[in-house]
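A quick write-up on the structure given underneath.
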Amino acid sequence: MRYDLVLNNDNKIIFLILDGVGDIQNPQFSYLTPLEAAKKPNIDKLAMESGILGRIIPVDIGITPGSGPGHLSLFGYDPLEYEIGRGVLEVLGLNMDLQDGDLAARANFCTIKDGIVVDRRAGRIPTEETIRLCEKISGAIPDIEGVRIIIKPGKSHRFAIIFRGKNLSDHVTDADPHKDHLPIIYSESKDSEAAFASQIVNAFMEKAIKLLKDEKVANGVLLRGFSTKPALPSFSTNYKMKALAIATYPMYRGIAKVLGMDVKDETKDYQGMLKALRDNYNSYQFFFLHIKETDLAGEDGNFAEKVVAIENVDPLVPEIYSLNPHVLVITGDHSTPCPMKGHSWHPVPLLLVTKTGERDGMAFHEKNCVTGSIGTIYSKQLVPLVLAHGLRLDKYGA
């Protein structure tokens, strides 16, 4: 993209990201998707009156993206050129002090039986239980071979960990089978320089599993997304917009921080998100609002719950649009189809509400997005398109 064409004005742009919103036709539900089945009168009214539709491809044809690459591309960064480890995102999202040389990891409590991971999420134990378990581990395992262990609980079964010491490398494999009913695995070094790091990671896992052996549900830990502190170009510098992120989950606040966006403290519910948006509206030009519940329902394969998650967002849209942004984007970072119970390669439905007078006159769902006027584009192309609709791009050439 030609950053020299970006104009500096106060036109507002809002990205409302429904994580994992994309889905596929489900024969069990009359070949509908949750987005098509949901009653969302406010979103559909905006789409039909002022919206243009299309689809976005997060990484490349057939490539299933993680949440990190999915969001990077949404903000105009080529995920094949820039890469941020999941651990860094989780650590920064929890406001942990990540220093140069630190090794960060995202972690889950899990349920192990006879060496098999029978539930990677430990039944999604309450956050209060995770807090207790993190305190238990921190007290018993403060360091390993001179490497300090820093742990902080996240939401539900999740926590984050920083390994702080010398000679740590992120060239190690995940200590996570990534699916239930597989044996627990340990980290391996990808090169000789990472041998010490994998040794420390595995020693931590062994000690933690031994410490948790008498816990009824959360009797194990899984670690993944090993990464070190990255350096990426600033979103605000690239696009001449002061940007604010409002998200309830740590990882997405972490992405925003890496890109140089301002991040507000965790909001407890949707009304808190709206209040943060209203209170800060005059001070920023770009807003990233993140909704997680659509993705959670997709990962659980719960069609009805994903429908409800979409319907719960619909009442927020009139309040968001009443602030009169120049552009409102409603889309997702990737698809999480209920039949697949996980991320997928399927293009993500895109709604762009614009003031140019264009409209496709159709409700917002996957089938209509296939024939929308935007067409199918790569996610990394979305920001330039939005900047154009926001009158924030100058003419190219004479």
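Convention: chains lettered A, B, ... in structure tokens order; per-chain residue numbering from 1; ligands numbered from 1 as shown.
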
Report as a Markdown table: every residue of stretch 156-263 of chain A with an atom at most 8 Å from stretch 104-111 of chain A, its closest pair of atoms, and their distance in Å to one decimal, counting only C-alpha atoms, with rows sorted by chain and ascending residue number.
| residue | atom | partner | partner_atom | distance |
| --- | --- | --- | --- | --- |
| A:His157 | CA | A:Phe109 | CA | 5.4 |
| A:Arg158 | CA | A:Asn108 | CA | 4.6 |
| A:Phe159 | CA | A:Ala107 | CA | 5.2 |
| A:Ala160 | CA | A:Arg106 | CA | 4.8 |
| A:Ile161 | CA | A:Ala105 | CA | 5.4 |
| A:Ile162 | CA | A:Ala104 | CA | 4.6 |
| A:Phe163 | CA | A:Ala104 | CA | 6.4 |
| A:Val217 | CA | A:Thr111 | CA | 5.5 |
| A:Ala218 | CA | A:Cys110 | CA | 5.2 |
| A:Asn219 | CA | A:Thr111 | CA | 5.5 |
| A:Gly220 | CA | A:Cys110 | CA | 5.0 |
| A:Val221 | CA | A:Phe109 | CA | 4.6 |
| A:Leu222 | CA | A:Asn108 | CA | 5.2 |
| A:Leu223 | CA | A:Ala107 | CA | 4.5 |
| A:Arg224 | CA | A:Arg106 | CA | 5.4 |
| A:Gly225 | CA | A:Ala105 | CA | 5.4 |
| A:Phe226 | CA | A:Ala105 | CA | 4.6 |
| A:Ser227 | CA | A:Ala104 | CA | 5.3 |
| A:Thr228 | CA | A:Ala104 | CA | 6.1 |

Dump of C-alpha atoms for the selected residues, as an mmCIF file, in the first residue's frame:
data_model
loop_
_atom_site.group_PDB
_atom_site.id
_atom_site.type_symbol
_atom_site.label_atom_id
_atom_site.label_comp_id
_atom_site.auth_asym_id
_atom_site.auth_seq_id
_atom_site.Cartn_x
_atom_site.Cartn_y
_atom_site.Cartn_z
ATOM 1 C CA HIS A 157 -8.912 -22.168 31.764
ATOM 2 C CA ARG A 158 -6.286 -19.896 30.190
ATOM 3 C CA PHE A 159 -3.143 -18.362 31.642
ATOM 4 C CA ALA A 160 0.063 -16.832 30.332
ATOM 5 C CA ILE A 161 3.664 -17.461 31.274
ATOM 6 C CA ILE A 162 6.959 -15.640 30.857
ATOM 7 C CA PHE A 163 10.291 -17.460 31.103
ATOM 8 C CA VAL A 217 -10.287 -31.586 36.699
ATOM 9 C CA ALA A 218 -7.351 -29.265 35.989
ATOM 10 C CA ASN A 219 -4.531 -31.731 36.570
ATOM 11 C CA GLY A 220 -2.276 -30.709 33.693
ATOM 12 C CA VAL A 221 -0.951 -27.801 31.653
ATOM 13 C CA LEU A 222 -0.423 -27.215 27.939
ATOM 14 C CA LEU A 223 1.917 -24.562 26.520
ATOM 15 C CA ARG A 224 2.010 -23.163 22.989
ATOM 16 C CA GLY A 225 2.734 -20.087 20.938
ATOM 17 C CA PHE A 226 6.277 -19.644 22.225
ATOM 18 C CA SER A 227 7.515 -16.250 21.103
ATOM 19 C CA THR A 228 9.698 -13.278 21.877
#

Per residue of stretch 261-365 of chain A within 6 Å of stretch 17-22 of chain A, record the nearest atom pair and its distance in Å to one decimal, counting only C-alpha atoms, with rows in chain order and ascending residue number, as a Markdown table.
| residue | atom | partner | partner_atom | distance |
| --- | --- | --- | --- | --- |
| A:His290 | CA | A:Ile17 | CA | 5.0 |
| A:Ile291 | CA | A:Leu18 | CA | 4.9 |
| A:Lys292 | CA | A:Asp19 | CA | 5.3 |
| A:Thr294 | CA | A:Val21 | CA | 5.7 |
| A:Asp295 | CA | A:Gly20 | CA | 4.4 |
| A:Ile330 | CA | A:Ile17 | CA | 5.9 |
| A:Thr331 | CA | A:Ile17 | CA | 5.3 |
| A:Gly332 | CA | A:Leu18 | CA | 4.8 |
| A:Asp333 | CA | A:Asp19 | CA | 5.7 |
| A:His334 | CA | A:Gly20 | CA | 5.0 |
| A:Ser335 | CA | A:Gly22 | CA | 4.0 |
| A:Thr336 | CA | A:Gly20 | CA | 4.6 |
| A:Val348 | CA | A:Gly22 | CA | 5.0 |

*If you run DSSP on this backbone, which residues of stretch 133-185 of chain A come out as strand (DSSP E or B), and could you give them as a ChimeraX atom specification?*
/A:143-144,147-153,158-164,172,175,182-183

*For A:Met261, list every protein, DNA or RNA residue within 9 Å, evaluated using only C-alpha atoms, and leave out those in the same chain fewer than 3 positions away; present the list as a VMD selection string.*
chain A and resid 234 to 236 242 to 245 253 255 to 258

May I have the selected residues written with N, CA and C atoms, as a PDB file, in the first residue's frame?
ATOM      1  N   SER A 234       4.025   0.830  13.225  1.00  0.00           N
ATOM      2  CA  SER A 234       2.876   1.305  13.974  1.00  0.00           C
ATOM      3  C   SER A 234       1.663   1.507  13.067  1.00  0.00           C
ATOM      4  N   PHE A 235       0.532   0.991  13.493  1.00  0.00           N
ATOM      5  CA  PHE A 235      -0.735   1.186  12.779  1.00  0.00           C
ATOM      6  C   PHE A 235      -1.050   2.669  12.646  1.00  0.00           C
ATOM      7  N   SER A 236      -0.924   3.390  13.739  1.00  0.00           N
ATOM      8  CA  SER A 236      -1.272   4.818  13.727  1.00  0.00           C
ATOM      9  C   SER A 236      -0.356   5.621  12.816  1.00  0.00           C
ATOM     10  N   LYS A 242      -5.246   7.843  14.996  1.00  0.00           N
ATOM     11  CA  LYS A 242      -5.085   7.441  16.380  1.00  0.00           C
ATOM     12  C   LYS A 242      -6.097   6.328  16.639  1.00  0.00           C
ATOM     13  N   ALA A 243      -5.606   5.178  17.109  1.00  0.00           N
ATOM     14  CA  ALA A 243      -6.444   3.979  17.165  1.00  0.00           C
ATOM     15  C   ALA A 243      -6.661   3.513  18.599  1.00  0.00           C
ATOM     16  N   LEU A 244      -7.880   3.035  18.860  1.00  0.00           N
ATOM     17  CA  LEU A 244      -8.256   2.521  20.176  1.00  0.00           C
ATOM     18  C   LEU A 244      -8.833   1.129  20.030  1.00  0.00           C
ATOM     19  N   ALA A 245      -8.367   0.192  20.853  1.00  0.00           N
ATOM     20  CA  ALA A 245      -8.888  -1.173  20.874  1.00  0.00           C
ATOM     21  C   ALA A 245      -9.715  -1.387  22.136  1.00  0.00           C
ATOM     22  N   ARG A 253      -6.255  -7.651  22.986  1.00  0.00           N
ATOM     23  CA  ARG A 253      -5.615  -6.439  23.482  1.00  0.00           C
ATOM     24  C   ARG A 253      -4.112  -6.507  23.213  1.00  0.00           C
ATOM     25  N   ILE A 255      -2.645  -8.005  20.599  1.00  0.00           N
ATOM     26  CA  ILE A 255      -2.438  -7.665  19.190  1.00  0.00           C
ATOM     27  C   ILE A 255      -2.428  -6.157  19.012  1.00  0.00           C
ATOM     28  N   ALA A 256      -3.412  -5.495  19.611  1.00  0.00           N
ATOM     29  CA  ALA A 256      -3.523  -4.041  19.481  1.00  0.00           C
ATOM     30  C   ALA A 256      -2.280  -3.347  20.037  1.00  0.00           C
ATOM     31  N   LYS A 257      -1.786  -3.827  21.158  1.00  0.00           N
ATOM     32  CA  LYS A 257      -0.601  -3.208  21.759  1.00  0.00           C
ATOM     33  C   LYS A 257       0.623  -3.365  20.861  1.00  0.00           C
ATOM     34  N   VAL A 258       0.789  -4.539  20.280  1.00  0.00           N
ATOM     35  CA  VAL A 258       1.926  -4.768  19.391  1.00  0.00           C
ATOM     36  C   VAL A 258       1.891  -3.802  18.214  1.00  0.00           C
TER      37      VAL A 258
END

*Could you name the residues that touch stretch 179-182 of chain A at 8 Å or less, counting only C-alpha atoms, but leaving out those on the same chain fewer than 2 positions away, as a PyMOL selection string?*
chain A and resi 116-120+177+184

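Distance check against A:Ile84 using only C-alpha atoms: of A:Leu350, A:Leu72, A:Cys369, A:Val147, the minimum falls on A:Leu72.
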
Which residues are close to stretch 42-55 of chain A, i.e. within 7 Å by only C-alpha atoms, leaving aside same-chain residues fewer than 3 positions away? Reply as a PDB file with all heavy atoms, in the first residue's frame.
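Resulting contents of around-v1.pdb:
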ATOM      1  N   ASP A 314     -26.553  -7.704  17.780  1.00  0.00           N
ATOM      2  CA  ASP A 314     -27.404  -6.850  16.938  1.00  0.00           C
ATOM      3  C   ASP A 314     -27.905  -5.578  17.635  1.00  0.00           C
ATOM      4  O   ASP A 314     -27.872  -4.500  17.033  1.00  0.00           O
ATOM      5  CB  ASP A 314     -28.586  -7.666  16.414  1.00  0.00           C
ATOM      6  CG  ASP A 314     -29.379  -6.918  15.360  1.00  0.00           C
ATOM      7  OD1 ASP A 314     -28.836  -6.666  14.258  1.00  0.00           O
ATOM      8  OD2 ASP A 314     -30.538  -6.554  15.633  1.00  0.00           O
ATOM      9  N   PRO A 315     -28.359  -5.635  18.908  1.00  0.00           N
ATOM     10  CA  PRO A 315     -28.825  -4.402  19.553  1.00  0.00           C
ATOM     11  C   PRO A 315     -27.732  -3.357  19.764  1.00  0.00           C
ATOM     12  O   PRO A 315     -28.040  -2.175  19.985  1.00  0.00           O
ATOM     13  CB  PRO A 315     -29.360  -4.897  20.911  1.00  0.00           C
ATOM     14  CG  PRO A 315     -29.639  -6.350  20.716  1.00  0.00           C
ATOM     15  CD  PRO A 315     -28.598  -6.815  19.752  1.00  0.00           C
ATOM     16  N   VAL A 317     -25.563  -2.434  17.527  1.00  0.00           N
ATOM     17  CA  VAL A 317     -25.221  -1.765  16.269  1.00  0.00           C
ATOM     18  C   VAL A 317     -25.855  -0.383  16.126  1.00  0.00           C
ATOM     19  O   VAL A 317     -25.178   0.571  15.721  1.00  0.00           O
ATOM     20  CB  VAL A 317     -25.549  -2.685  15.071  1.00  0.00           C
ATOM     21  CG1 VAL A 317     -25.376  -1.945  13.744  1.00  0.00           C
ATOM     22  CG2 VAL A 317     -24.637  -3.912  15.106  1.00  0.00           C
ATOM     23  N   PRO A 318     -27.148  -0.190  16.459  1.00  0.00           N
ATOM     24  CA  PRO A 318     -27.697   1.171  16.368  1.00  0.00           C
ATOM     25  C   PRO A 318     -26.968   2.177  17.262  1.00  0.00           C
ATOM     26  O   PRO A 318     -26.763   3.333  16.870  1.00  0.00           O
ATOM     27  CB  PRO A 318     -29.151   0.996  16.811  1.00  0.00           C
ATOM     28  CG  PRO A 318     -29.473  -0.421  16.535  1.00  0.00           C
ATOM     29  CD  PRO A 318     -28.200  -1.166  16.804  1.00  0.00           C
ATOM     30  N   PRO A 347     -13.620 -18.304   3.313  1.00  0.00           N
ATOM     31  CA  PRO A 347     -13.666 -16.839   3.318  1.00  0.00           C
ATOM     32  C   PRO A 347     -14.661 -16.319   4.352  1.00  0.00           C
ATOM     33  O   PRO A 347     -15.655 -16.979   4.683  1.00  0.00           O
ATOM     34  CB  PRO A 347     -14.114 -16.493   1.892  1.00  0.00           C
ATOM     35  CG  PRO A 347     -13.691 -17.664   1.063  1.00  0.00           C
ATOM     36  CD  PRO A 347     -13.852 -18.858   1.962  1.00  0.00           C
ATOM     37  N   VAL A 348     -14.387 -15.126   4.850  1.00  0.00           N
ATOM     38  CA  VAL A 348     -15.166 -14.536   5.940  1.00  0.00           C
ATOM     39  C   VAL A 348     -16.144 -13.504   5.368  1.00  0.00           C
ATOM     40  O   VAL A 348     -15.755 -12.659   4.557  1.00  0.00           O
ATOM     41  CB  VAL A 348     -14.233 -13.847   6.959  1.00  0.00           C
ATOM     42  CG1 VAL A 348     -15.030 -13.336   8.144  1.00  0.00           C
ATOM     43  CG2 VAL A 348     -13.135 -14.809   7.414  1.00  0.00           C
ATOM     44  N   PRO A 349     -17.414 -13.551   5.767  1.00  0.00           N
ATOM     45  CA  PRO A 349     -18.371 -12.553   5.278  1.00  0.00           C
ATOM     46  C   PRO A 349     -17.999 -11.143   5.742  1.00  0.00           C
ATOM     47  O   PRO A 349     -17.547 -10.950   6.872  1.00  0.00           O
ATOM     48  CB  PRO A 349     -19.701 -13.005   5.884  1.00  0.00           C
ATOM     49  CG  PRO A 349     -19.335 -13.869   7.049  1.00  0.00           C
ATOM     50  CD  PRO A 349     -18.033 -14.514   6.688  1.00  0.00           C
ATOM     51  N   LEU A 350     -18.207 -10.180   4.849  1.00  0.00           N
ATOM     52  CA  LEU A 350     -17.806  -8.789   5.096  1.00  0.00           C
ATOM     53  C   LEU A 350     -18.953  -7.847   4.789  1.00  0.00           C
ATOM     54  O   LEU A 350     -19.560  -7.933   3.717  1.00  0.00           O
ATOM     55  CB  LEU A 350     -16.601  -8.433   4.210  1.00  0.00           C
ATOM     56  CG  LEU A 350     -16.242  -6.947   4.086  1.00  0.00           C
ATOM     57  CD1 LEU A 350     -15.741  -6.393   5.416  1.00  0.00           C
ATOM     58  CD2 LEU A 350     -15.189  -6.749   2.993  1.00  0.00           C
ATOM     59  N   LEU A 351     -19.252  -6.966   5.724  1.00  0.00           N
ATOM     60  CA  LEU A 351     -20.201  -5.869   5.525  1.00  0.00           C
ATOM     61  C   LEU A 351     -19.471  -4.554   5.741  1.00  0.00           C
ATOM     62  O   LEU A 351     -18.844  -4.353   6.782  1.00  0.00           O
ATOM     63  CB  LEU A 351     -21.375  -5.973   6.509  1.00  0.00           C
ATOM     64  CG  LEU A 351     -22.274  -4.735   6.659  1.00  0.00           C
ATOM     65  CD1 LEU A 351     -22.938  -4.369   5.339  1.00  0.00           C
ATOM     66  CD2 LEU A 351     -23.313  -4.966   7.754  1.00  0.00           C
ATOM     67  N   LEU A 352     -19.542  -3.679   4.760  1.00  0.00           N
ATOM     68  CA  LEU A 352     -18.953  -2.348   4.855  1.00  0.00           C
ATOM     69  C   LEU A 352     -20.074  -1.331   4.703  1.00  0.00           C
ATOM     70  O   LEU A 352     -20.701  -1.242   3.641  1.00  0.00           O
ATOM     71  CB  LEU A 352     -17.888  -2.164   3.760  1.00  0.00           C
ATOM     72  CG  LEU A 352     -16.923  -0.977   3.876  1.00  0.00           C
ATOM     73  CD1 LEU A 352     -15.658  -1.251   3.071  1.00  0.00           C
ATOM     74  CD2 LEU A 352     -17.570   0.310   3.382  1.00  0.00           C
ATOM     75  N   VAL A 353     -20.372  -0.602   5.781  1.00  0.00           N
ATOM     76  CA  VAL A 353     -21.417   0.428   5.771  1.00  0.00           C
ATOM     77  C   VAL A 353     -20.752   1.757   5.429  1.00  0.00           C
ATOM     78  O   VAL A 353     -19.849   2.205   6.144  1.00  0.00           O
ATOM     79  CB  VAL A 353     -22.138   0.511   7.131  1.00  0.00           C
ATOM     80  CG1 VAL A 353     -23.255   1.544   7.077  1.00  0.00           C
ATOM     81  CG2 VAL A 353     -22.693  -0.862   7.525  1.00  0.00           C
ATOM     82  N   THR A 354     -21.176   2.351   4.330  1.00  0.00           N
ATOM     83  CA  THR A 354     -20.486   3.507   3.774  1.00  0.00           C
ATOM     84  C   THR A 354     -21.437   4.684   3.565  1.00  0.00           C
ATOM     85  O   THR A 354     -22.662   4.506   3.509  1.00  0.00           O
ATOM     86  CB  THR A 354     -19.839   3.134   2.423  1.00  0.00           C
ATOM     87  OG1 THR A 354     -19.227   4.270   1.849  1.00  0.00           O
ATOM     88  CG2 THR A 354     -20.869   2.568   1.454  1.00  0.00           C
ATOM     89  N   GLY A 357     -23.138   6.336  -0.764  1.00  0.00           N
ATOM     90  CA  GLY A 357     -24.392   6.138  -1.489  1.00  0.00           C
ATOM     91  C   GLY A 357     -24.501   4.764  -2.121  1.00  0.00           C
ATOM     92  O   GLY A 357     -25.567   4.379  -2.607  1.00  0.00           O
ATOM     93  N   GLU A 358     -23.424   4.000  -2.099  1.00  0.00           N
ATOM     94  CA  GLU A 358     -23.467   2.638  -2.646  1.00  0.00           C
ATOM     95  C   GLU A 358     -24.243   1.719  -1.715  1.00  0.00           C
ATOM     96  O   GLU A 358     -24.239   1.889  -0.498  1.00  0.00           O
ATOM     97  CB  GLU A 358     -22.052   2.093  -2.802  1.00  0.00           C
ATOM     98  CG  GLU A 358     -21.129   2.916  -3.677  1.00  0.00           C
ATOM     99  CD  GLU A 358     -19.687   2.459  -3.533  1.00  0.00           C
ATOM    100  OE1 GLU A 358     -19.400   1.309  -3.918  1.00  0.00           O
ATOM    101  OE2 GLU A 358     -18.854   3.234  -3.023  1.00  0.00           O
ATOM    102  N   ARG A 359     -24.872   0.729  -2.309  1.00  0.00           N
ATOM    103  CA  ARG A 359     -25.515  -0.311  -1.490  1.00  0.00           C
ATOM    104  C   ARG A 359     -25.806  -1.515  -2.365  1.00  0.00           C
ATOM    105  O   ARG A 359     -26.085  -1.386  -3.561  1.00  0.00           O
ATOM    106  CB  ARG A 359     -26.792   0.202  -0.836  1.00  0.00           C
ATOM    107  CG  ARG A 359     -27.914   0.529  -1.812  1.00  0.00           C
ATOM    108  CD  ARG A 359     -29.177   0.888  -1.070  1.00  0.00           C
ATOM    109  NE  ARG A 359     -30.297   1.074  -1.993  1.00  0.00           N
ATOM    110  CZ  ARG A 359     -31.552   1.254  -1.605  1.00  0.00           C
ATOM    111  NH1 ARG A 359     -31.855   1.318  -0.325  1.00  0.00           N
ATOM    112  NH2 ARG A 359     -32.520   1.385  -2.510  1.00  0.00           N
ATOM    113  N   ASP A 360     -25.721  -2.683  -1.749  1.00  0.00           N
ATOM    114  CA  ASP A 360     -26.065  -3.908  -2.455  1.00  0.00           C
ATOM    115  C   ASP A 360     -27.502  -4.316  -2.218  1.00  0.00           C
ATOM    116  O   ASP A 360     -28.040  -5.168  -2.932  1.00  0.00           O
ATOM    117  CB  ASP A 360     -25.122  -5.042  -2.039  1.00  0.00           C
ATOM    118  CG  ASP A 360     -23.710  -4.864  -2.594  1.00  0.00           C
ATOM    119  OD1 ASP A 360     -23.556  -4.110  -3.573  1.00  0.00           O
ATOM    120  OD2 ASP A 360     -22.775  -5.475  -2.042  1.00  0.00           O
ATOM    121  N   GLY A 361     -28.135  -3.731  -1.192  1.00  0.00           N
ATOM    122  CA  GLY A 361     -29.543  -3.994  -0.935  1.00  0.00           C
ATOM    123  C   GLY A 361     -29.842  -5.396  -0.467  1.00  0.00           C
ATOM    124  O   GLY A 361     -30.934  -5.916  -0.708  1.00  0.00           O
ATOM    125  N   MET A 362     -28.902  -6.019   0.216  1.00  0.00           N
ATOM    126  CA  MET A 362     -29.085  -7.401   0.662  1.00  0.00           C
ATOM    127  C   MET A 362     -28.769  -7.548   2.137  1.00  0.00           C
ATOM    128  O   MET A 362     -27.950  -6.801   2.684  1.00  0.00           O
ATOM    129  CB  MET A 362     -28.184  -8.344  -0.146  1.00  0.00           C
ATOM    130  CG  MET A 362     -28.454  -8.382  -1.634  1.00  0.00           C
ATOM    131  SD  MET A 362     -27.480  -9.654  -2.495  1.00  0.00           S
ATOM    132  CE  MET A 362     -25.826  -8.962  -2.368  1.00  0.00           C
ATOM    133  N   ALA A 363     -29.415  -8.515   2.784  1.00  0.00           N
ATOM    134  CA  ALA A 363     -29.107  -8.847   4.178  1.00  0.00           C
ATOM    135  C   ALA A 363     -27.696  -9.415   4.262  1.00  0.00           C
ATOM    136  O   ALA A 363     -27.134  -9.902   3.276  1.00  0.00           O
ATOM    137  CB  ALA A 363     -30.119  -9.841   4.726  1.00  0.00           C
ATOM    138  N   PHE A 364     -27.144  -9.366   5.466  1.00  0.00           N
ATOM    139  CA  PHE A 364     -25.748  -9.762   5.690  1.00  0.00           C
ATOM    140  C   PHE A 364     -25.648 -11.220   6.096  1.00  0.00           C
ATOM    141  O   PHE A 364     -25.977 -11.603   7.217  1.00  0.00           O
ATOM    142  CB  PHE A 364     -25.155  -8.865   6.787  1.00  0.00           C
ATOM    143  CG  PHE A 364     -23.733  -9.198   7.163  1.00  0.00           C
ATOM    144  CD1 PHE A 364     -22.765  -9.417   6.200  1.00  0.00           C
ATOM    145  CD2 PHE A 364     -23.361  -9.266   8.498  1.00  0.00           C
ATOM    146  CE1 PHE A 364     -21.446  -9.701   6.539  1.00  0.00           C
ATOM    147  CE2 PHE A 364     -22.047  -9.544   8.870  1.00  0.00           C
ATOM    148  CZ  PHE A 364     -21.094  -9.771   7.878  1.00  0.00           C
ATOM    149  N   CYS A 369     -23.024 -12.506   0.579  1.00  0.00           N
ATOM    150  CA  CYS A 369     -21.672 -11.956   0.467  1.00  0.00           C
ATOM    151  C   CYS A 369     -20.933 -12.520  -0.747  1.00  0.00           C
ATOM    152  O   CYS A 369     -20.035 -11.863  -1.289  1.00  0.00           O
ATOM    153  CB  CYS A 369     -20.886 -12.228   1.747  1.00  0.00           C
ATOM    154  SG  CYS A 369     -21.404 -11.204   3.155  1.00  0.00           S
ATOM    155  N   VAL A 370     -21.300 -13.719  -1.178  1.00  0.00           N
ATOM    156  CA  VAL A 370     -20.673 -14.310  -2.367  1.00  0.00           C
ATOM    157  C   VAL A 370     -20.902 -13.428  -3.589  1.00  0.00           C
ATOM    158  O   VAL A 370     -20.028 -13.282  -4.445  1.00  0.00           O
ATOM    159  CB  VAL A 370     -21.213 -15.735  -2.616  1.00  0.00           C
ATOM    160  CG1 VAL A 370     -20.752 -16.263  -3.968  1.00  0.00           C
ATOM    161  CG2 VAL A 370     -20.769 -16.677  -1.504  1.00  0.00           C
ATOM    162  N   GLY A 372     -21.827 -10.100  -3.428  1.00  0.00           N
ATOM    163  CA  GLY A 372     -21.716  -8.686  -3.089  1.00  0.00           C
ATOM    164  C   GLY A 372     -20.758  -7.942  -4.001  1.00  0.00           C
ATOM    165  O   GLY A 372     -19.861  -8.527  -4.616  1.00  0.00           O
ATOM    166  N   SER A 373     -20.920  -6.621  -4.062  1.00  0.00           N
ATOM    167  CA  SER A 373     -20.149  -5.804  -5.006  1.00  0.00           C
ATOM    168  C   SER A 373     -18.670  -5.701  -4.658  1.00  0.00           C
ATOM    169  O   SER A 373     -17.850  -5.391  -5.521  1.00  0.00           O
ATOM    170  CB  SER A 373     -20.758  -4.396  -5.090  1.00  0.00           C
ATOM    171  OG  SER A 373     -20.752  -3.766  -3.817  1.00  0.00           O
ATOM    172  N   ILE A 374     -18.296  -5.949  -3.416  1.00  0.00           N
ATOM    173  CA  ILE A 374     -16.876  -5.915  -3.057  1.00  0.00           C
ATOM    174  C   ILE A 374     -16.137  -7.088  -3.676  1.00  0.00           C
ATOM    175  O   ILE A 374     -14.960  -6.989  -4.037  1.00  0.00           O
ATOM    176  CB  ILE A 374     -16.691  -5.927  -1.521  1.00  0.00           C
ATOM    177  CG1 ILE A 374     -17.287  -4.661  -0.897  1.00  0.00           C
ATOM    178  CG2 ILE A 374     -15.201  -6.039  -1.155  1.00  0.00           C
ATOM    179  CD1 ILE A 374     -17.273  -4.662   0.623  1.00  0.00           C
ATOM    180  N   GLY A 375     -16.824  -8.197  -3.815  1.00  0.00           N
ATOM    181  CA  GLY A 375     -16.181  -9.410  -4.302  1.00  0.00           C
ATOM    182  C   GLY A 375     -15.432 -10.118  -3.187  1.00  0.00           C
ATOM    183  O   GLY A 375     -15.685  -9.895  -2.000  1.00  0.00           O
ATOM    184  N   THR A 376     -14.501 -10.963  -3.566  1.00  0.00           N
ATOM    185  CA  THR A 376     -13.657 -11.674  -2.603  1.00  0.00           C
ATOM    186  C   THR A 376     -12.256 -11.091  -2.679  1.00  0.00           C
ATOM    187  O   THR A 376     -11.624 -11.122  -3.731  1.00  0.00           O
ATOM    188  CB  THR A 376     -13.622 -13.181  -2.898  1.00  0.00           C
ATOM    189  OG1 THR A 376     -14.956 -13.715  -2.811  1.00  0.00           O
ATOM    190  CG2 THR A 376     -12.732 -13.906  -1.899  1.00  0.00           C
ATOM    191  N   ILE A 377     -11.804 -10.529  -1.555  1.00  0.00           N
ATOM    192  CA  ILE A 377     -10.497  -9.888  -1.496  1.00  0.00           C
ATOM    193  C   ILE A 377      -9.693 -10.495  -0.350  1.00  0.00           C
ATOM    194  O   ILE A 377     -10.234 -11.230   0.486  1.00  0.00           O
ATOM    195  CB  ILE A 377     -10.615  -8.360  -1.298  1.00  0.00           C
ATOM    196  CG1 ILE A 377     -11.269  -8.032   0.058  1.00  0.00           C
ATOM    197  CG2 ILE A 377     -11.403  -7.717  -2.447  1.00  0.00           C
ATOM    198  CD1 ILE A 377     -11.311  -6.545   0.387  1.00  0.00           C
TER     199      ILE A 377
END

_From A:Gly85, A:Val263, A:Leu385, A:Ile209, residue lying nearest A:Thr173 [only C-alpha atoms]_ =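 Closest candidate: A:Gly85.
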
*Mind checking DSSP for stretch 229-354 of chain A and telling me the helix (DSSP H, G or I) residues as a PyMOL selection string?*
chain A and resi 235-239+250-258+270-279+281-283+293-299+303-313+316-321

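Omitting A:Leu316 and its sequence neighbours fewer than 2 positions away, and counting only C-alpha atoms, the residues within 10 Å are Asn42, Ile43, Tyr270, Gln271, Met273, Leu274, Glu311, Asn312, Val313, Asp314, Pro318, Glu319, Ile320 and Tyr321 of chain A.
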
_Need to verify the contact set: A:Met241, 9 Å, only C-alpha atoms, exclusion of same-chain residues closer than 3 positions in sequence. Can you return it as a list in words?_
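Selected residues are Asn8, Asn9, Asp10, Lys12, Phe235, Ser236, Thr237, Asn238, Tyr284, Gln285 and Phe286 of chain A.
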
Expected file contents, prior selection, C-alpha atoms, as a JSON list (two decimals), in the first residue's frame:
[["chain", "number", "residue", "atom", "x", "y", "z"],
["A", 8, "ASN", "CA", -4.95, 13.03, 7.90],
["A", 9, "ASN", "CA", -8.53, 13.98, 8.81],
["A", 10, "ASP", "CA", -10.99, 13.27, 11.60],
["A", 12, "LYS", "CA", -14.09, 7.99, 12.03],
["A", 235, "PHE", "CA", -0.74, 1.19, 12.78],
["A", 236, "SER", "CA", -1.27, 4.82, 13.73],
["A", 237, "THR", "CA", 1.86, 5.94, 11.88],
["A", 238, "ASN", "CA", 1.03, 3.94, 8.76],
["A", 284, "TYR", "CA", -9.58, 8.75, 18.21],
["A", 285, "GLN", "CA", -10.23, 8.16, 14.54],
["A", 286, "PHE", "CA", -10.08, 4.34, 14.43]]

*Of the listed residues A:Phe287, A:Tyr378, A:Tyr31, A:Tyr3, that which approaches A:His326 most closely, counting only C-alpha atoms*: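 Checking each candidate against A:His326, we get A:Phe287 as the closest.
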